[in-house]
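Asker: Input: one structure, supplied below.
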Number of protein chains: 2
Amino acid sequence: MNQDYIKADPWSIIEEGFDKERVKSSESLFSIGNGAMGQRANFEETYTGETFQGSYIAGVYYPDKTRVGWWKNGYPEYFAKVLNAPNWIGIDISIDGEPLDLNTCREVKDFARQLNMKEGWYQRSFVATMPNGIEVSVVSTRFLSLHLDELGAIKYEVQVLNREAEITAFAYLDSGIKNMDSNWDDQFWNTTRVHSEGNRAFIESHTLKTNFATCTFMEATLYRDGNAYETEPVHKKDELAVGMSFVVEAKKGEKIALQKYGGYTVSRNHNSSELRNAANSTLDKASEIGFDGLFEQQKKDWASIWEMSDIEIEGDIKAQQGIRFNIFQLNQTYLGKDSRLNIGPKGFTGEKYGGSTYWDTEAYCLPFYMATKNQEVAWSLLEYRYNHLEKAIENAEKLGFKDGAALYPMVTMNGEECHNEWEITFEEIHRNGAIAFAIYNYHRYTNDYSYVPKMGLEVLIGIARFWQQRFNYSEDKQSYVMLGVTGPNEYENNINNNWYTNYLAKWCIEYTSEQLGKVEKEYPEDYARIISKTQLTVAETNAWDKLASNIYFPFSEKYDVYLQQDGFLDKEMIRVKDLAKSERPINQKWSWDRILRSPYIKQADVLQGFYFFEDHFSQGQLEKHFDFYEPFTVHESSLSPCVHSIQAAKLGRMEQAYTFYLRTSRLDLDDYNKEVEEGLHITSMAGTWMSIVEGFGGMRVKDNQLSFEPQIPEQWQSYAFKVNFRGQIITIKVEKGTSSFSVTGDTDLDVLVNGKTVTLTPGKVVQA
Amino acid sequence: MNQDYIKADPWSIIEEGFDKERVKSSESLFSIGNGAMGQRANFEETYTGETFQGSYIAGVYYPDKTRVGWWKNGYPEYFAKVLNAPNWIGIDISIDGEPLDLNTCREVKDFARQLNMKEGWYQRSFVATMPNGIEVSVVSTRFLSLHLDELGAIKYEVQVLNREAEITAFAYLDSGIKNMDSNWDDQFWNTTRVHSEGNRAFIESHTLKTNFATCTFMEATLYRDGNAYETEPVHKKDELAVGMSFVVEAKKGEKIALQKYGGYTVSRNHNSSELRNAANSTLDKASEIGFDGLFEQQKKDWASIWEMSDIEIEGDIKAQQGIRFNIFQLNQTYLGKDSRLNIGPKGFTGEKYGGSTYWDTEAYCLPFYMATKNQEVAWSLLEYRYNHLEKAIENAEKLGFKDGAALYPMVTMNGEECHNEWEITFEEIHRNGAIAFAIYNYHRYTNDYSYVPKMGLEVLIGIARFWQQRFNYSEDKQSYVMLGVTGPNEYENNINNNWYTNYLAKWCIEYTSEQLGKVEKEYPEDYARIISKTQLTVAETNAWDKLASNIYFPFSEKYDVYLQQDGFLDKEMIRVKDLAKSERPINQKWSWDRILRSPYIKQADVLQGFYFFEDHFSQGQLEKHFDFYEPFTVHESSLSPCVHSIQAAKLGRMEQAYTFYLRTSRLDLDDYNKEVEEGLHITSMAGTWMSIVEGFGGMRVKDNQLSFEPQIPEQWQSYAFKVNFRGQIITIKVEKGTSSFSVTGDTDLDVLVNGKTVTLTPGKVVQA
């Protein structure tokens with residue numbers, strides 16, 4: 001953890017001073033993205049020090065051959081890798097023949113990075129003394145346009161401070177790139193054409209196996225004194241790279257600016273043969289609007305994102321910066337415009353984990369997108385799983401299930417399973433339940449039922465079928481049991497009767513049965529289509545009902561709590577606080593078997609069930625389970641603190657809730673786990689948002705109404721957030737002792753505040 | 001399975017006819033070894049078809065970098081690989097300039113292989129028509145000398161049948177070899193010197209990392225009409241290979257013979273700088289004795305092995321061939337001359353599994369070696385583990401154990417763990433118990449207690465300490481439990497309270513306590529040394545006693561059986577016979593999670609405990625447990641049928657016992673699992689021997705006496721076996737209705753036959 005790394009600021013991420021040790025971490029923290037592509041904050045100019053190059057195109061992946069120690073039947077042959085794409089940002093600078101490279105400069109001063117989250121751009125500036133004595137000042141400003149989402153823009157300003165000099169700026173594209181995270185050092189890209197004309201250049205390449213054709217493009221213009229410098233650049237190319245050199249005799253102190261547009265057109269969005277035309281057309285649009293115009297548009301577009309999703313915190317600038325960083329990164333990663341995309345755990349900030357979709361999406365990200373975007377975005381996320389239903393059925397078949405049972409993959413890019421640890425891939429099946437829960441949650445929040453008859457019911461049937469086949473009847477227990485699973489707490493593997501999974505599965509089956517009834521009555525045509533397609537029989541649904549009414553749940557009479565799994569109480573029940581500090585984190589200090597037989601919990605497991613199904617249990621039950629499980633929880637997953645924060649708040653334990661909140665909100669900014677250089681923890685950022693909105697704000701949907709039970713951490717003066725509820729934006733500002741509410745739109749809206757109905761009228765602020 | 005592959009013969013393995021599809025399988029089946037080295041039955045001459053080259057030197061291995069999918073703390077960095085060594089058998093033949101290659105010949109007839117188990121040699125013969133029309137007859141005879149165990153000898157006879165021709169024989173050494181089973185295609189050998197002089201050649205090389213220096217050597221002589229052909233061969237060499245060519249103008253039908261000696265001298269046995277001298281000295285000895293002399297010696301040496309270990313079966317030639325093949329292979333693999341060696345699961349017949357030592361050695365191989373060799377051989381096997389005690393303590397420390405607790409590795413070559421599946425490496429810890437049991441078993445059989453005070457007690461203390469730390473107290477069960485283990489049935493992972501492991505652990509602790517008492521009384525000096533070295537305290541042994549008296553064992557009142565583990569009865573209890581044939585073997589047809597939650601048992605688990613501790617349970621208990629577990633056992637381990645065969649015999653179910661016996665004895669010869677090309681199943685061969693001796697013969701040691709309860713399968717007329725019991729060889733011949741016994745030596749020996757004492761007098765055959 002490093003609390004002095006990033007300067008506190010309400011709207012920006014700021015690093016000051018050049019430290020080679022931090023280059024890779026900062027490359028993650030200052031990443032930019034626009035939902036369609038994204039990139040780490042690599043330098044434009046040559047850097048020979050330690051760096052982790054990464055530029056990623058949404059939905060472009062490579063099925064890397066799986067690596068295993070010991071093969072198990074059922075493992076996927078391939079693992080979808082997030083793919084480093086050709087580099088378009090490169091601008092090599094040499095001055096009087098000497099290349100500018102911060103790794104070799106005599107001195108680097110005034111180095112600063114700024115990520116302006118409010119306006120969506122990134123800037124780096126420094127003054128360096130080169131080995132040849134040249135003192136050079138550089139300011140580089142970069143953004144990925146929200147408006148033209150295939151385009152990025154760079155303004156790279158160079159000023160020689162101590163004498164006249166010849167500046168050469170070489171703007172290039174390079175497809176000779178590698179993935180850090182390659183299993184077998186396979187080549188992932190094949191470059192077919194490298195070409196330049198005028199001040200534009202293009203590299204046409206395609207991914208091997210997946211065959212995503214891509215045109216990486218650029219346009220470079222040199223400016224002197226703010227005017228385009230009319231010169232014919234010198235073109236240079238080889239097999240994998242292409243670019244052009246501009247040479248300027250610069251006066252001492254004269255500002256030379258290289259402006260570069262670049263980006264990708266991809267066969268996911270265009271006809272393969274049209275990629276270069278599409279690139280040219282994007283560049284034409286960019287030229288027409290101009291850098292300044294694009295920049296202004298960028299500010300506007302980010303302003304409208306913030307308009308709907310900002311959280312303001314008064315009295316705690318670090319908390320303010322933290323929450324905005326989380327919201328900003330979520331929006332950089334996924335904007336919901338394309339239902340083929342999803343929210344990768346590292347977004348566009350690194351390669352680790354591969355794949356783009358985990359159960360994080362449904363369990364953690366959906367609430368954020370439902371509340372801060374229009375309803376179509378959440379619909380897109382649901383549609384994504386509907387589109388993968390067939391693959392989920394195939395996936396279940398590989399594991400021996402049949403008749404349309406669906407098991408959604410643990411990790412996926414295209415619907416196929418990407419992960420290959422038997423205890424996770426085959427056994428962490430609760431993910432299936434989160435997908436069903438998201439359907440319920442979407443309906444609860446939006447009141448839009450149309451997804452169920454259109455798509456969702458088929459998904460639910462596949463999932464219910466899976467659960468029914470996955471339980472078996474225990475003669476011994478005279479009830480249905482589920483053997484050999486891994487729950488959300490991945491520090492237990494191959495356990496029997498994980499309470500969370502059993503409970504969620506039972507709920508899935510019952511919920512599916514209910515929706516079948518409702519769709520039959522209210523959408524008879526959809527019902528007929530679905531029954532015919534799925535060949536669902538009455539015998540089958542009868543079997544569901546029989547099973548759901550007789551599922552075994554491990555329970556301790558002594559502690560009056562549901563047990564995480566069979567045999568949980570056989571463990572050596574030493575609380576986390578009584579563990580030596582030198583033993584933590586256990587996932588780094590202990591061997592796997594020791595972790596498994598310990599009582600320690602990686603992230604909410606039973607409590608995840610209490611989070612999803614809060615209204616199934618009393619406050620007293622929540623308290624009992626929280627007090628039983630939290631003391632054994634090590635929170636070694638970025639997804640852990642948020643659920644606990646929400647529950648602590650619900651139990652009125654604001655201090656504890658706040659401690660958990662701190663742990664989640666600045667995880668990356670303060671580099672808690674010393675791994676930020678690998679990329680950011682994107683999906684858990686939605687959990688941070690939930691900690692405030694659901695935790696402190698106590699927001700729920702109850703009986704078809706928004707409900708709040710606001711509280712405020714002692715350390716804060718106030719906080720305010722906005723949610724989009726069924727087309728109206730509600731703003732809630734919470735201060736000590738009072739809260740104020742307002743709403744947009746044309747109609748009044750009744751909300752519950754601490755259990756009492758409050759009517760919000762557009763244009764009026766109500767205190768409650 | 002292929003029952004027509006190998007011709008039935010009591011003393012030989014015979015293949016007739018050339019089938020390219022079978023080359024790799026036959027290379028395994030016709031492997032030869034002498035305990036110090038061994039090799040697959042590769043052709044001497046060029047073969048361009050599918051082949052799996054392998055020549056192995058005992059104890060020479062390479063620590064290949066581990067390959068994993070997902071790293072877990074505690075995994076070993078390296079995996080000891082059985083190492084393919086430089087090839088010394090190569091003899092390339094060309095006739096009239098055309099190379100002899102069975103893959104390209106127009107016709108191959110009269111092809112036959114014979115492995116003469118009685119005399120310990122391998123012969124291959126054929127008549128081939130080459131592309132150039134030459135008809136050539138070849139007879140190649142090869143053996144690895146037991147007498148000079150660094151030496152092998154080949155007589156390669158060539159005869160051109162249809163005309164005069166020029167025969168060129170190129171005898172060579174080649175260090176340009178690869179391991180099939182390499183994780184990262186690393187280079188394993190570094191060749192430093194390649195050299196020839198006169199009719200000898202040498203390659204000096206060493207393994208990387210482990211730095212085993214090796215001199216691979218050869219001597220070649222050409223014979224015409226039985227006389228050495230005085231000619232100066234043409235020498236040829238490159239960086240990795242060296243050899244010499246002999247050219248002969250052969251008359252039609254003239255027999256030309258190339259005689260080749262070859263082998264390895266290794267720094268394990270010689271000073272590194274003396275390897276070439278040692279090679280020359282071995283070649284000098286060989287030349288002096290001559291091929292025929294060595295061949296005669298080989299027959300004598302094998303005769304004396306058979307003298308002590310043969311099993312004769314009348315009335316069933318395939319069973320006869322099968323059991324001799326098993327005994328032969330065990331003797332080719334391990335002769336007990338070197339306590340640094342052990343019994344690899346594939347011996348010298350393949351690379352798979354790597355490492356040389358599994359718990360197979362103690363649980364399955366030790367009884368064979370105790371009964372068919374002098375006592376020193378079994379001692380060597382025990383000493384091997386004593387020599388690895390320090391490493392076993394380090395291994396336990398890596399997993400968080402302390403204070404001298406020892407965990408022997410799952411797989412090892414030098415005492416370090418080689419395996420890296422958490423559910424096996426970290427959890428299949430019952431292996432520790434087999435090592436303690438072997439100490440007990442050795443004393444029981446030999447009546448030699450000296451190993452315990454000298455070495456064994458330290459091993460036992462390390463093991464007992466491990467068990468004590470591995471159990472934990474369950475408040476819930478008010479007794480000690482062992483969580484997260486894998487039992488012998490590897491189709492269950494990370495289970496709680498595996499009955500076998502708990503029972504064995506309890507026994508280990510109690511046995512260790514007893515030996516402490518005995519050594520204290522009878523070997524006070526050793527006791528003092530050991531207590532001082534291990535720092536064992538009374539508090540510690542008191543804790544052992546307390547634990548051992550309160551261990552939890554899962555038990556079913558309903559079925560009156562111990563349960564394999566907690567929750568076993570929750571499974572869907574469909575018997576193996578009710579499974580569709582298309583679902584078998586489940587390890588090929590089912591995904592891992594499905595196997596894990598099924599009740600199916602890979603190999604004896606609870607029943608392994610009943611095998612080790614037979615006298616702790618009544619015949620009625622055995623029957624109940626056998627009838628409960630065997631119907632769920634799929635026997636998908638080569639180690640499974642033997643234990644069940646022994647127990648079926650004990651229950652008087654000879655038909656079932658015989659069925660199990662058949663499954664084990666010809667596993668490789670009939671290629672049951674279609675994988676014999678990867679190598680033979682060496683360690684399970686000892687189980688085959690046990691099936692006859694302990695199963696059918698009912699041999700046990702009871703109250704310090706040998707005891708027999710002979711039965712005979714209906715299909716057999718008689719069978720006879722020999723055992724070395726405390727220096728006397730007892731021969732037992734079992735016929736229907738009667739058995740006869742005889743003994744060697746100077747003194748009478750009382751044995752029990754069906755519970756009655758029978759006195760055996762040397763020189764007399766007793767019927768009983």
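Quick note on naming: the chains in the structure tokens go A, B, ... in the order shown, residues restart at 1 in each chain, and ligands are numbered from 1 in order of appearance.
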With only C-alpha atoms as the counted atoms, please give the residues lying no more than 12 Å from region 176-182 of chain B, apart from itself and same-chain residues fewer than 2 positions off, as a PyMOL selection string.
Answerer: chain B and resi 51-56+61-67+78-88+172-174+184-191+194+203+205+238-242+350-354+678
Asker: As a ChimeraX atom specification, could you give me every residue of chain B near chain A (at most 7 Å apart, counting only C-alpha atoms)?
Answerer: /B:67-69,72-74,399-400,422,426-427,472-477,483-484,494,569-572,588,590-593,596-597
Asker: Please produce an output containing N, CA and C atoms for each residue in the selection, written as a compact mmCIF listing (two decimals), in the first residue's frame.
Answerer:
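Okay, out22.txt is ready:
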# COMPACT_ATOMS: atom_id res chain seq x y z
N ARG B 67 5.08 -27.50 -14.82
CA ARG B 67 4.05 -26.84 -15.62
C ARG B 67 2.75 -26.87 -14.85
N VAL B 68 2.13 -25.72 -14.70
CA VAL B 68 0.84 -25.68 -14.01
C VAL B 68 -0.10 -24.79 -14.80
N GLY B 69 -1.38 -24.94 -14.54
CA GLY B 69 -2.35 -24.00 -15.08
C GLY B 69 -2.40 -22.79 -14.15
N LYS B 72 -0.29 -22.68 -7.14
CA LYS B 72 -0.71 -22.66 -5.74
C LYS B 72 0.55 -22.60 -4.88
N ASN B 73 0.48 -21.86 -3.81
CA ASN B 73 1.61 -21.84 -2.88
C ASN B 73 1.94 -23.25 -2.42
N GLY B 74 3.21 -23.55 -2.37
CA GLY B 74 3.63 -24.86 -1.88
C GLY B 74 4.01 -25.81 -3.01
N LEU B 399 4.71 -26.68 3.77
CA LEU B 399 3.25 -26.68 3.89
C LEU B 399 2.81 -26.15 5.25
N GLY B 400 3.74 -25.64 6.04
CA GLY B 400 3.34 -24.99 7.29
C GLY B 400 3.47 -25.87 8.52
N TRP B 422 -2.61 -29.86 -6.23
CA TRP B 422 -2.78 -29.63 -4.79
C TRP B 422 -3.51 -30.78 -4.12
N PHE B 426 -0.54 -32.09 -1.81
CA PHE B 426 -0.73 -31.57 -0.46
C PHE B 426 -1.68 -32.45 0.36
N GLU B 427 -2.52 -33.21 -0.29
CA GLU B 427 -3.61 -33.85 0.43
C GLU B 427 -3.57 -35.38 0.44
N ASN B 472 -7.03 -31.86 13.70
CA ASN B 472 -7.39 -30.75 14.59
C ASN B 472 -8.58 -31.18 15.42
N TYR B 473 -8.74 -30.51 16.52
CA TYR B 473 -9.84 -30.87 17.41
C TYR B 473 -11.12 -30.21 16.94
N SER B 474 -12.15 -31.00 16.79
CA SER B 474 -13.45 -30.45 16.42
C SER B 474 -14.29 -30.30 17.67
N GLU B 475 -14.61 -29.06 17.99
CA GLU B 475 -15.52 -28.81 19.11
C GLU B 475 -16.86 -29.50 18.84
N ASP B 476 -17.23 -29.45 17.58
CA ASP B 476 -18.53 -29.98 17.20
C ASP B 476 -18.60 -31.49 17.43
N LYS B 477 -17.56 -32.20 17.05
CA LYS B 477 -17.55 -33.66 17.20
C LYS B 477 -16.91 -34.09 18.50
N LEU B 483 -9.13 -32.94 8.22
CA LEU B 483 -9.89 -32.29 7.14
C LEU B 483 -9.04 -32.18 5.88
N GLY B 484 -9.72 -32.17 4.75
CA GLY B 484 -9.04 -31.86 3.49
C GLY B 484 -7.97 -32.83 3.09
N ASN B 494 -10.02 -33.66 -1.39
CA ASN B 494 -10.30 -32.67 -0.35
C ASN B 494 -11.50 -33.08 0.51
N LEU B 569 -22.47 -41.28 2.34
CA LEU B 569 -23.82 -41.81 2.07
C LEU B 569 -24.76 -40.79 1.42
N ASP B 570 -24.27 -39.57 1.24
CA ASP B 570 -25.10 -38.58 0.53
C ASP B 570 -25.09 -38.80 -0.98
N LYS B 571 -24.22 -39.67 -1.43
CA LYS B 571 -24.07 -39.84 -2.89
C LYS B 571 -25.22 -40.65 -3.48
N GLU B 572 -25.31 -40.59 -4.79
CA GLU B 572 -26.30 -41.38 -5.51
C GLU B 572 -25.72 -42.79 -5.67
N GLN B 588 -12.19 -41.65 -18.35
CA GLN B 588 -12.11 -41.15 -19.73
C GLN B 588 -13.43 -40.51 -20.18
N TRP B 590 -16.05 -39.18 -18.05
CA TRP B 590 -16.72 -38.19 -17.19
C TRP B 590 -15.80 -37.02 -16.86
N SER B 591 -16.43 -35.88 -16.66
CA SER B 591 -15.65 -34.73 -16.18
C SER B 591 -15.31 -34.96 -14.70
N TRP B 592 -14.31 -34.22 -14.26
CA TRP B 592 -13.76 -34.51 -12.94
C TRP B 592 -14.77 -34.30 -11.82
N ASP B 593 -15.58 -33.26 -11.92
CA ASP B 593 -16.56 -32.99 -10.87
C ASP B 593 -17.58 -34.12 -10.76
N LEU B 596 -16.02 -36.92 -8.96
CA LEU B 596 -15.85 -36.62 -7.53
C LEU B 596 -17.16 -36.78 -6.75
N ARG B 597 -18.27 -36.41 -7.35
CA ARG B 597 -19.49 -36.51 -6.56
C ARG B 597 -20.17 -37.87 -6.70
Asker: When you look at region 669-674 of chain A with a cut-off of 10 Å (counting only C-alpha atoms), what residues show up, excluding the ones that are within fewer than 2 positions of it in the same chain? I need them as a list in words.
Answerer: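 Using only C-alpha atoms, the neighbours found are Met1, Asn2, Gln3, Asp4, Tyr5, Ile6, Lys7, Ile13, Ser25, Ser26, Ser28, Leu29, Lys318, Gln321, Gly322, Phe325, Asn326, Pro585, Glu636, Ser638, Arg663, Thr664, Ser665, Arg666, Leu667, Val676, Glu677, Glu678 and Leu680 of chain A.
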Asker: Please, which residues of region 227-384 of chain A, numbered as in this document, come out alpha helix (DSSP H) from DSSP, as a PDB file with C-alpha atoms, in the first residue's frame?
Answerer:
ATOM      1  CA  LEU A 275     -11.620  -1.370 -42.921  1.00  0.00           C
ATOM      2  CA  ARG A 276      -9.229   1.058 -44.578  1.00  0.00           C
ATOM      3  CA  ASN A 277     -12.072   3.066 -46.044  1.00  0.00           C
ATOM      4  CA  ALA A 278     -13.710   3.152 -42.632  1.00  0.00           C
ATOM      5  CA  ALA A 279     -10.440   4.330 -41.128  1.00  0.00           C
ATOM      6  CA  ASN A 280     -10.115   7.072 -43.709  1.00  0.00           C
ATOM      7  CA  SER A 281     -13.661   8.117 -43.100  1.00  0.00           C
ATOM      8  CA  THR A 282     -13.089   8.323 -39.342  1.00  0.00           C
ATOM      9  CA  LEU A 283      -9.941  10.373 -39.946  1.00  0.00           C
ATOM     10  CA  ASP A 284     -11.860  12.645 -42.299  1.00  0.00           C
ATOM     11  CA  LYS A 285     -14.462  13.255 -39.614  1.00  0.00           C
ATOM     12  CA  ALA A 286     -11.780  13.912 -37.024  1.00  0.00           C
ATOM     13  CA  SER A 287      -9.976  16.363 -39.289  1.00  0.00           C
ATOM     14  CA  GLU A 288     -13.178  18.154 -39.942  1.00  0.00           C
ATOM     15  CA  ILE A 289     -14.018  18.536 -36.273  1.00  0.00           C
ATOM     16  CA  GLY A 290     -10.396  19.191 -35.369  1.00  0.00           C
ATOM     17  CA  PHE A 291      -8.492  18.416 -32.194  1.00  0.00           C
ATOM     18  CA  ASP A 292     -10.008  21.293 -30.231  1.00  0.00           C
ATOM     19  CA  GLY A 293     -13.500  20.438 -31.404  1.00  0.00           C
ATOM     20  CA  LEU A 294     -13.061  16.806 -30.424  1.00  0.00           C
ATOM     21  CA  PHE A 295     -11.654  17.877 -27.094  1.00  0.00           C
ATOM     22  CA  GLU A 296     -14.676  20.100 -26.391  1.00  0.00           C
ATOM     23  CA  GLN A 297     -17.001  17.286 -27.422  1.00  0.00           C
ATOM     24  CA  GLN A 298     -15.139  14.921 -25.078  1.00  0.00           C
ATOM     25  CA  LYS A 299     -15.737  17.284 -22.162  1.00  0.00           C
ATOM     26  CA  LYS A 300     -19.419  17.489 -23.007  1.00  0.00           C
ATOM     27  CA  ASP A 301     -19.801  13.745 -23.328  1.00  0.00           C
ATOM     28  CA  TRP A 302     -18.116  13.108 -20.000  1.00  0.00           C
ATOM     29  CA  ALA A 303     -20.194  15.854 -18.430  1.00  0.00           C
ATOM     30  CA  SER A 304     -23.336  14.005 -19.400  1.00  0.00           C
ATOM     31  CA  ILE A 305     -21.977  10.748 -17.944  1.00  0.00           C
ATOM     32  CA  TRP A 306     -21.229  12.519 -14.672  1.00  0.00           C
ATOM     33  CA  GLU A 307     -24.588  14.225 -14.782  1.00  0.00           C
ATOM     34  CA  MET A 308     -26.176  10.843 -14.174  1.00  0.00           C
ATOM     35  CA  SER A 309     -23.570   9.008 -12.133  1.00  0.00           C
ATOM     36  CA  ILE A 317     -11.139  14.621  -0.497  1.00  0.00           C
ATOM     37  CA  LYS A 318      -9.522  11.174  -0.708  1.00  0.00           C
ATOM     38  CA  ALA A 319     -12.879   9.445  -0.494  1.00  0.00           C
ATOM     39  CA  GLN A 320     -14.152  11.856  -3.151  1.00  0.00           C
ATOM     40  CA  GLN A 321     -11.259  11.077  -5.446  1.00  0.00           C
ATOM     41  CA  GLY A 322     -11.642   7.351  -4.778  1.00  0.00           C
ATOM     42  CA  ILE A 323     -15.306   7.079  -5.634  1.00  0.00           C
ATOM     43  CA  ARG A 324     -14.936   9.190  -8.773  1.00  0.00           C
ATOM     44  CA  PHE A 325     -12.007   7.046  -9.893  1.00  0.00           C
ATOM     45  CA  ASN A 326     -14.235   3.988  -9.529  1.00  0.00           C
ATOM     46  CA  ILE A 327     -17.129   5.520 -11.435  1.00  0.00           C
ATOM     47  CA  PHE A 328     -14.787   6.869 -14.104  1.00  0.00           C
ATOM     48  CA  GLN A 329     -13.132   3.513 -14.705  1.00  0.00           C
ATOM     49  CA  LEU A 330     -16.442   1.670 -14.936  1.00  0.00           C
ATOM     50  CA  ASN A 331     -17.533   4.135 -17.601  1.00  0.00           C
ATOM     51  CA  GLN A 332     -14.244   3.862 -19.460  1.00  0.00           C
ATOM     52  CA  THR A 333     -14.702   0.091 -19.561  1.00  0.00           C
ATOM     53  CA  ASP A 360     -19.107 -10.082 -11.196  1.00  0.00           C
ATOM     54  CA  LEU A 366     -25.549  -4.607 -12.946  1.00  0.00           C
ATOM     55  CA  PRO A 367     -26.889  -2.434 -10.077  1.00  0.00           C
ATOM     56  CA  PHE A 368     -24.426   0.319 -10.966  1.00  0.00           C
ATOM     57  CA  TYR A 369     -25.367   0.325 -14.629  1.00  0.00           C
ATOM     58  CA  MET A 370     -29.095   0.099 -13.860  1.00  0.00           C
ATOM     59  CA  ALA A 371     -28.942   3.149 -11.646  1.00  0.00           C
ATOM     60  CA  THR A 372     -26.530   5.335 -13.617  1.00  0.00           C
ATOM     61  CA  GLN A 375     -32.410   1.025 -18.977  1.00  0.00           C
ATOM     62  CA  GLU A 376     -31.087  -0.224 -22.344  1.00  0.00           C
ATOM     63  CA  VAL A 377     -27.635  -0.659 -20.873  1.00  0.00           C
ATOM     64  CA  ALA A 378     -28.802  -3.170 -18.287  1.00  0.00           C
ATOM     65  CA  TRP A 379     -30.874  -4.848 -20.965  1.00  0.00           C
ATOM     66  CA  SER A 380     -27.700  -5.217 -23.044  1.00  0.00           C
ATOM     67  CA  LEU A 381     -26.017  -6.979 -20.181  1.00  0.00           C
ATOM     68  CA  LEU A 382     -28.923  -9.407 -19.882  1.00  0.00           C
ATOM     69  CA  GLU A 383     -29.106  -9.914 -23.620  1.00  0.00           C
ATOM     70  CA  TYR A 384     -25.432 -10.849 -23.611  1.00  0.00           C
TER      71      TYR A 384
END
Asker: Which residues come within 9 Å of Gln619 (chain B), counting only C-alpha atoms, excluding same-chain residues fewer than 3 positions away, as a compact mmCIF listing (two decimals) with N, CA and C atoms, in the first residue's frame?
Answerer:
# COMPACT_ATOMS: atom_id res chain seq x y z
N GLU B 614 -5.60 -56.34 8.60
CA GLU B 614 -6.49 -57.49 8.53
C GLU B 614 -6.82 -58.06 9.90
N LEU B 622 -14.84 -57.88 7.54
CA LEU B 622 -14.25 -57.81 6.20
C LEU B 622 -15.32 -58.03 5.16
N GLU B 623 -16.12 -59.06 5.36
CA GLU B 623 -17.16 -59.41 4.39
C GLU B 623 -18.13 -58.24 4.20
N LYS B 624 -18.55 -57.66 5.31
CA LYS B 624 -19.50 -56.55 5.25
C LYS B 624 -18.90 -55.36 4.47
N LYS B 650 -9.68 -64.51 0.58
CA LYS B 650 -9.82 -64.69 2.02
C LYS B 650 -11.28 -64.97 2.40
N LEU B 651 -12.19 -64.41 1.61
CA LEU B 651 -13.61 -64.64 1.86
C LEU B 651 -14.09 -65.93 1.19
Asker: List every residue of region 250-300 of chain B that has an atom at most 10 Å from any atom of region 221-224 of chain B, giving for each one its closest atom pair and the distance in Å to one decimal, counting only C-alpha atoms, sorted by chain and then by ascending residue number, as CSV.
Answerer:
residue,atom,partner,partner_atom,distance
B:Ala250,CA,B:Arg224,CA,8.9
B:Glu254,CA,B:Arg224,CA,7.9
B:Lys255,CA,B:Arg224,CA,6.5
B:Ile256,CA,B:Arg224,CA,5.0
B:Ala257,CA,B:Tyr223,CA,4.9
B:Leu258,CA,B:Leu222,CA,4.5
B:Gln259,CA,B:Thr221,CA,5.2
B:Lys260,CA,B:Thr221,CA,6.5
B:Tyr261,CA,B:Thr221,CA,8.9
